[in-house]
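**Student:** Have a look at the structure that comes next, please.
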Amino acid sequence: MRSKLLFNVFVFAPLFLSAQSLVLDGLVQDIEQNPVPFTNVLLLKATDSTFVSGSVSNEEGLFKFEDLNTGNYLLKASFVGYEDAYSKPFELQESLSIPVIVLRESAQFLNEVTVTARRPIIQRRVDRLVFDVENTAISSGTTFDILKRTPGVIVNQGTILVRNRPAQVYINDRKVYLTNDELQQLLEGFAGVNVKSVEVITTPPAKYDAEGGAILNIVTSKNLSIGYKGSVDASATVGILPKYAAGTSQYYKTDWLNAYAGYTFNSRFDTKTDEGFIEFFNPNGSTKATWDDLFLKDTRTISHSFNTILDFMLSEKDMLSLSANVLHTPKADSDISGRTEIYDPQGRLDSLYTTQSRLENQNDNLLFNLNYERQLGENGATLTANANYIDFTNDQSQAVATRYFSPQGTLLNANSFNTLPTQDSQIYTGQLDYTGNLGSWAFEAGAKYSGINSNSRQEFFDGNGDINAGNAILNDNFDYTESIYASYFSFSKDWEKWSIQAGLRGEYTESNGNSRTLGVVNTQEYLELFPTIYLMNNPSENHSFGLTYSRRIERPRFQSLNPFRYFLNENNFQEGNPNIQPAINNHLELSYIFKSKLFINLYWDRVDNIMNRLPFQDNENLTIRGVNTNLNYEQQYSLDLIYSEFVTNWMWMSANTSLFRMQNEFQALESDGQDYRQSITGFYAQTQNYFIIDQERTLTATVSNTYISNILSGSYQYDRPQYALNIDIQKTFMDGRLIFNLSSEDIFNTNNIPLTSRYLNQNNSFFAMPESRKIRVGLRYKFGNFKLRDNSRAVNAEEQSRLEAKD
């Protein structure tokens with residue numbers, strides 16, 4: 001405790017420092033009183049219009065100048081697609097807030113058709129890439145669809161990747177506290193029209209938890225005006241089987257209250273086909289047998305999500321927010337049928353077996369949030385307090401029956417069993433953040449506590465219905481507790497040609513995992529420091545150079561620690577590992593930007609003890625298992641290029657490419673535990689083309705292509721390149737009140753590809769084929785003062801993403 005106290009005193013000492021400076025601030029809006037973010041604002045001398053200083057408006061349209069001298073000035077605001085705007089000359093004698101600067105859209109002509117220019121969709125900031133999707137055809141779908149079309153984002157086998165590694169998802173700077181499947185359900189139920197932009201933060205600053213790799217921060221629209229609005233929407237998606245969604249959102253705002261409530265109902269019928277291959281070996285390396293697997297999985301899911309937010313303006317400087325996010329999934333039931341054919345070394349059918357499995361799942365995820373924000377002084381300092389309570393429950397049952405046959409179809413043997421796994425987790429978090437200035441430096445500091453209690457149980461019953469209490473591997477009770485004490489600070493400053501942001505985060509962790517039946521206890525206590533630094537140089541208007549470094553941590557998911565087994569059949573199962581250790585990531589990056597159109601990044605990334613699920617075939621007993629474990633390391637070198645601009649006033653395009661070299665090393669558990677190293681060279685390319693089809697801007701379309709040549713995922717590699725073509729079309733009617741959208745995904749059905757793990761005495765592969773080729777039709781009707789921007793946002797906290805469901 002003494003070390004934690006000294007650490008927090010060290011970090012928070014700067015909080016009590018303060019400084020005064022002469023400040024000028026203001027707001028940039030368009031003619032509809034919407035904020036115009038990323039506007040260039042220049043401070044000029046009133047006498048001769050010579051340059052004094054420059055600033056850029058934030059997402060709220062706000063800008064600020066500091067350390068100014070008294071004198072006579074004027075302001076110039078400019079943004080692509082808008083006419084330049086000037087303030088009236090004014091005299092600065094003390095800190096001052098000037099009247100709103102209003103920008104008007106500029107009209108440009110092409111072939112005698114008037115088209116309003118749209119602001120750029122991709123923008124680069126010192127620590128992130130911003131993908132602006134508001135009012136584009138991309139926003140016509142769901143938020144999950146937007147993520148799949150975000151530059152640099154890959155959705156592979158249900159996992160969201162950035163730079164070939166799993167990414168953390170945030171909404172309005174709050175981490176999503178859902179399992180992978182529930183996250184997809186939430187984002188598929190959250191309308192894309194509520195999304196302003198997606199921020200791709202490859203090197204998160206100290207403010208964010210040190211847990212995880214890159215961050216995808218979904219920024220939703222902000223409220224400005226007083227009034228009421230609402231909407232209803234419905235969509236139907238067809239791949240092989242149908243999927244339906246319907247929802248409504250209601251929003252009301254007064255001078256002191258922002259109230260939002262949203263509800264979404266999802267009914268899905270999904271099918272998935274898996275093909276598998278295993279070559280078993282004799283000790284001398286010759287082939288012992290080969291197995292060909294075919295599995296069919298049909299899943300019916302019903303879910304209800306409810307989100308409500310109440311923002312109370314207690315005074316001009318105080319705001320209190322109460323939020324709740326409820327996801328209830330009463331049904332997620334799967335019927336699995338499988339057939340495995342076993343061949344001898346000469347390729348003759350030796351025997352076969354069939355598997356029938358019924359998997360029933362229901363879960364509830366409840367999140368309650370309390371947030372208080374206080375404006376301090378006149379210089380924009382803010383103190384924020386945040387608390388979260390999360391309750392997650394999951395009840396599951398699985399019945400497995402296997403029948404063995406001779407090549408002639410004679411029944412040789414039969415076996416069956418049932419498992420009843422359950423999980424109950426509670427998470428508590430409390431966080432305090434301060435944002436302000438220390439002299440001419442912007443300053444942030446904060447502290448956070450998170451506590452986690454999770455209990456998982458599994459009962460195993462044999463074919464006679466008797467509980468098998470003597471088998472600790474199959475029948476167990478697993479308890480996990482964790483406490484994390486964190487604090488951070490960061491500084492940033494902009495000069496005429498230089499920008500710097502640097503921070504340090506410290507996290508002290510205490511955890512205990514206890515497998516009661518196995519008698520395995522894993523206790524860990526450690527203090528880790530996580531520095532981040534961003535340095536950017538702008539030698540001229542057209543050129544920018546950057547340097548970035550960060551150190552981060554990845555902690556085990558609860559289900560990865562849980563030693564229970566999930567069975568595809570009695571010879572193929574997945575199991576957890578209570579002895580997994582946290583992984584440490586180091587990231588170094590150089591970047592170059594040309595005219596805010598061309599972005600070049602060269603980076604090195606290494607993760608020691610990276611966690612993954614590795615397949616291991618037991619050549620003696622003819623079984624295969626997936627084991628959650630630590631690899632020795634994984635690293636990659638990459639050269640990334642992004643180019644984006646308006647080709648014409650009615651077409652915008654972007655191209656994102658990456659040439660990378662990946663390498664990892666792990667222990668081959670079924671090969672005497674020797675270290676095995678593998679590497680690949682891969683290429684990734686993504687293009688986006690956005691079209692304004694009619695002169696009224698009511699018909700738009702987006703065409704996107706994604707290509708990946710190869711990637712490493714644990715011991716797996718691609719057998720062939722992956723490619724997907726998507727087209728989105730949006731049409732608005734009734735002055736924007738009614739929106740129709742039509743989307744098609746993976747038109748050529750080439751997104752699913754086989755993966756193979758082949759090394760030493762291991763050779764197995766699988767080909768997962770979920771419904772990737774889909775067509776979606778959707779309608780959304782807005783009523784009330786529908787042009788209001790609301791405070792709709794998903795409310796999430798930090799540790800919930802570690803509640804990972806088994807697939």
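Residue numbers start at 1 in each chain; chains themselves are named A, B, ... in the order of the structure tokens; ligands are numbered from 1 in the order shown.
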For Tyr353 of chain A, list every protein, DNA or RNA residue within 6 Å, evaluated using only C-alpha atoms, and leave out those in the same chain fewer than 5 positions away; present the list as a PyMOL selection string.
**Tutor:** chain A and resi 339-340+403-405
**Student:** Output the selection as an mmCIF file, in the first residue's frame - C-alpha atoms for each residue.
**Tutor:**
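Result file part.cif:
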data_model
loop_
_atom_site.group_PDB
_atom_site.id
_atom_site.type_symbol
_atom_site.label_atom_id
_atom_site.label_comp_id
_atom_site.auth_asym_id
_atom_site.auth_seq_id
_atom_site.Cartn_x
_atom_site.Cartn_y
_atom_site.Cartn_z
ATOM 1 C CA ARG A 339 -19.729 -35.594 -39.657
ATOM 2 C CA THR A 340 -16.099 -36.719 -39.417
ATOM 3 C CA ARG A 403 -22.297 -42.122 -32.911
ATOM 4 C CA TYR A 404 -19.437 -44.168 -34.440
ATOM 5 C CA PHE A 405 -19.864 -46.172 -37.677
#
**Student:** Quick one: residues within 6 Å of segment 534-550 of chain A, only C-alpha atoms, excluding same-chain residues fewer than 5 positions away - as a PyMOL selection string?
**Tutor:** chain A and resi 497-501+586-595
**Student:** As a ChimeraX atom specification, please: the residues near Leu639 of chain A (cut-off 12 Å, only C-alpha atoms, same-chain neighbours under 3 positions excluded).
**Tutor:** /A:163,589-592,599-605,636,642,656-661,681-685
**Student:** For C-alpha atoms, I'd like the residues from the last selection saved as a short mmCIF file (atom, residue, chain, number, x, y, z; two decimals), in the first residue's frame.
**Tutor:**
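Ended up saving to result04.cif:
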data_model
loop_
_atom_site.label_atom_id
_atom_site.label_comp_id
_atom_site.auth_asym_id
_atom_site.auth_seq_id
_atom_site.Cartn_x
_atom_site.Cartn_y
_atom_site.Cartn_z
CA ARG A 163 -3.06 -3.20 -37.82
CA GLU A 589 6.03 4.84 -35.29
CA LEU A 590 7.25 7.45 -37.79
CA SER A 591 4.71 9.35 -39.89
CA TYR A 592 4.57 11.85 -42.74
CA PHE A 599 -0.48 9.81 -44.91
CA ILE A 600 2.61 7.56 -44.65
CA ASN A 601 3.34 5.55 -41.50
CA LEU A 602 6.31 3.31 -40.77
CA TYR A 603 6.06 1.40 -37.50
CA TRP A 604 7.43 -1.44 -35.38
CA ASP A 605 5.17 -3.25 -32.94
CA GLN A 636 5.51 -6.79 -37.01
CA ILE A 642 -3.46 6.41 -46.92
CA ASN A 656 -5.45 2.60 -47.62
CA THR A 657 -2.58 0.15 -48.14
CA SER A 658 -0.21 -1.68 -45.82
CA LEU A 659 2.86 -3.79 -46.54
CA PHE A 660 3.80 -5.69 -43.39
CA ARG A 661 6.10 -8.39 -42.05
CA THR A 681 4.94 -11.04 -45.49
CA GLY A 682 1.48 -9.65 -46.18
CA PHE A 683 -0.29 -6.89 -48.07
CA TYR A 684 -3.52 -5.13 -47.16
CA ALA A 685 -5.49 -2.73 -49.38
#
**Student:** Which residues of segment 719-740 of chain A sit at most 8 Å from segment 692-707 of chain A, using only C-alpha atoms? Give each one's shortest atom pair and distance in Å (one decimal place), in chain and ascending residue order, as JSON lines.
**Tutor:**
{"residue": "A:Pro721", "atom": "CA", "partner": "A:Tyr707", "partner_atom": "CA", "distance": 7.1}
{"residue": "A:Gln722", "atom": "CA", "partner": "A:Tyr707", "partner_atom": "CA", "distance": 5.6}
{"residue": "A:Tyr723", "atom": "CA", "partner": "A:Tyr707", "partner_atom": "CA", "distance": 4.5}
{"residue": "A:Ala724", "atom": "CA", "partner": "A:Thr706", "partner_atom": "CA", "distance": 5.2}
{"residue": "A:Leu725", "atom": "CA", "partner": "A:Asn705", "partner_atom": "CA", "distance": 4.7}
{"residue": "A:Asn726", "atom": "CA", "partner": "A:Ser704", "partner_atom": "CA", "distance": 5.3}
{"residue": "A:Ile727", "atom": "CA", "partner": "A:Val703", "partner_atom": "CA", "distance": 4.6}
{"residue": "A:Asp728", "atom": "CA", "partner": "A:Thr702", "partner_atom": "CA", "distance": 5.1}
{"residue": "A:Ile729", "atom": "CA", "partner": "A:Ala701", "partner_atom": "CA", "distance": 4.3}
{"residue": "A:Gln730", "atom": "CA", "partner": "A:Thr700", "partner_atom": "CA", "distance": 5.4}
{"residue": "A:Lys731", "atom": "CA", "partner": "A:Leu699", "partner_atom": "CA", "distance": 4.6}
{"residue": "A:Thr732", "atom": "CA", "partner": "A:Thr698", "partner_atom": "CA", "distance": 5.1}
{"residue": "A:Phe733", "atom": "CA", "partner": "A:Thr698", "partner_atom": "CA", "distance": 7.4}
**Student:** Excluding Ala236 of chain A and any residue of its chain fewer than 5 positions from it, enumerate the residues within 9 Å of it, using only C-alpha atoms, and give them as a PyMOL selection string.
**Tutor:** chain A and resi 242-246+775-778
**Student:** Write out the residues from the selection above, keeping N, CA and C atoms, as a compact mmCIF listing (two decimals), in the first residue's frame.
**Tutor:**
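Saved as part_7.txt:
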# COMPACT_ATOMS: atom_id res chain seq x y z
N PRO A 242 -32.88 -15.24 -42.83
CA PRO A 242 -33.29 -13.85 -42.60
C PRO A 242 -32.89 -13.33 -41.23
N LYS A 243 -32.74 -12.00 -41.15
CA LYS A 243 -32.46 -11.30 -39.92
C LYS A 243 -33.26 -10.00 -39.93
N TYR A 244 -33.84 -9.65 -38.77
CA TYR A 244 -34.70 -8.48 -38.69
C TYR A 244 -34.29 -7.62 -37.50
N ALA A 245 -34.51 -6.33 -37.65
CA ALA A 245 -34.24 -5.40 -36.55
C ALA A 245 -35.24 -4.27 -36.63
N ALA A 246 -35.67 -3.78 -35.48
CA ALA A 246 -36.58 -2.64 -35.40
C ALA A 246 -36.26 -1.88 -34.13
N ILE A 775 -27.60 -8.94 -48.16
CA ILE A 775 -28.28 -7.75 -48.67
C ILE A 775 -29.20 -7.23 -47.57
N ARG A 776 -29.11 -5.93 -47.30
CA ARG A 776 -29.93 -5.33 -46.25
C ARG A 776 -30.75 -4.18 -46.83
N VAL A 777 -32.02 -4.15 -46.48
CA VAL A 777 -32.91 -3.05 -46.84
C VAL A 777 -33.42 -2.42 -45.55
N GLY A 778 -33.34 -1.09 -45.48
CA GLY A 778 -33.76 -0.43 -44.26
C GLY A 778 -34.50 0.86 -44.51
**Student:** Taking 4 positions as the minimum chain separation for residues in the same chain, which residues sit within 12 Å of Leu760 of chain A when counting only C-alpha atoms? Answer as a PDB file with C-alpha atoms, in the first residue's frame.
**Tutor:**
ATOM      1  CA  GLU A 279      -3.435 -35.093 -40.443  1.00  0.00           C
ATOM      2  CA  PHE A 280      -2.277 -37.201 -37.491  1.00  0.00           C
ATOM      3  CA  PHE A 281       1.320 -38.494 -37.447  1.00  0.00           C
ATOM      4  CA  PRO A 283       6.328 -40.907 -33.985  1.00  0.00           C
ATOM      5  CA  ASN A 284       8.527 -41.466 -37.076  1.00  0.00           C
ATOM      6  CA  GLY A 285       6.718 -38.674 -38.948  1.00  0.00           C
ATOM      7  CA  SER A 286       4.647 -40.838 -41.271  1.00  0.00           C
ATOM      8  CA  PHE A 616      -2.887 -28.709 -30.690  1.00  0.00           C
ATOM      9  CA  GLN A 617      -3.538 -32.177 -32.061  1.00  0.00           C
ATOM     10  CA  ASN A 619      -1.280 -37.655 -32.398  1.00  0.00           C
ATOM     11  CA  GLN A 667       5.841 -23.351 -27.482  1.00  0.00           C
ATOM     12  CA  ALA A 668       4.750 -26.403 -29.467  1.00  0.00           C
ATOM     13  CA  LEU A 669       3.059 -28.245 -26.586  1.00  0.00           C
ATOM     14  CA  GLU A 670       2.597 -31.469 -28.578  1.00  0.00           C
ATOM     15  CA  SER A 671       6.196 -31.388 -29.889  1.00  0.00           C
ATOM     16  CA  ASP A 672       8.153 -31.704 -26.626  1.00  0.00           C
ATOM     17  CA  GLY A 673       7.466 -28.040 -25.822  1.00  0.00           C
ATOM     18  CA  GLN A 674      10.105 -26.732 -28.216  1.00  0.00           C
ATOM     19  CA  ASP A 675       9.925 -23.111 -29.403  1.00  0.00           C
ATOM     20  CA  TYR A 676       8.623 -22.661 -32.911  1.00  0.00           C
ATOM     21  CA  ARG A 677       8.975 -19.445 -34.910  1.00  0.00           C
ATOM     22  CA  GLN A 678       7.048 -18.488 -38.040  1.00  0.00           C
ATOM     23  CA  SER A 715      -0.260 -20.616 -35.438  1.00  0.00           C
ATOM     24  CA  ASN A 764      -4.715 -29.011 -39.209  1.00  0.00           C
TER      25      ASN A 764
END
**Student:** Let's see if you can do this: from backbone DSSP, list all strand (DSSP E) residues in segment 539-696 of chain A, as a VMD selection string.
**Tutor:** chain A and resid 539 to 540 543 to 554 565 to 569 572 to 575 583 to 594 598 to 608 611 to 618 623 to 630 633 to 648 651 to 668 674 to 692
**Student:** Using only C-alpha atoms, which residue out of A:Tyr643, A:Tyr251, A:Tyr633, A:Tyr389 lies closest to Gly714 of chain A?
**Tutor:** A:Tyr633
**Student:** What's the 6 Å shell around segment 437-450 of chain A, counting only C-alpha atoms, without same-chain residues fewer than 5 positions away, as a PyMOL selection string?
**Tutor:** chain A and resi 18-19+428-432+483-493
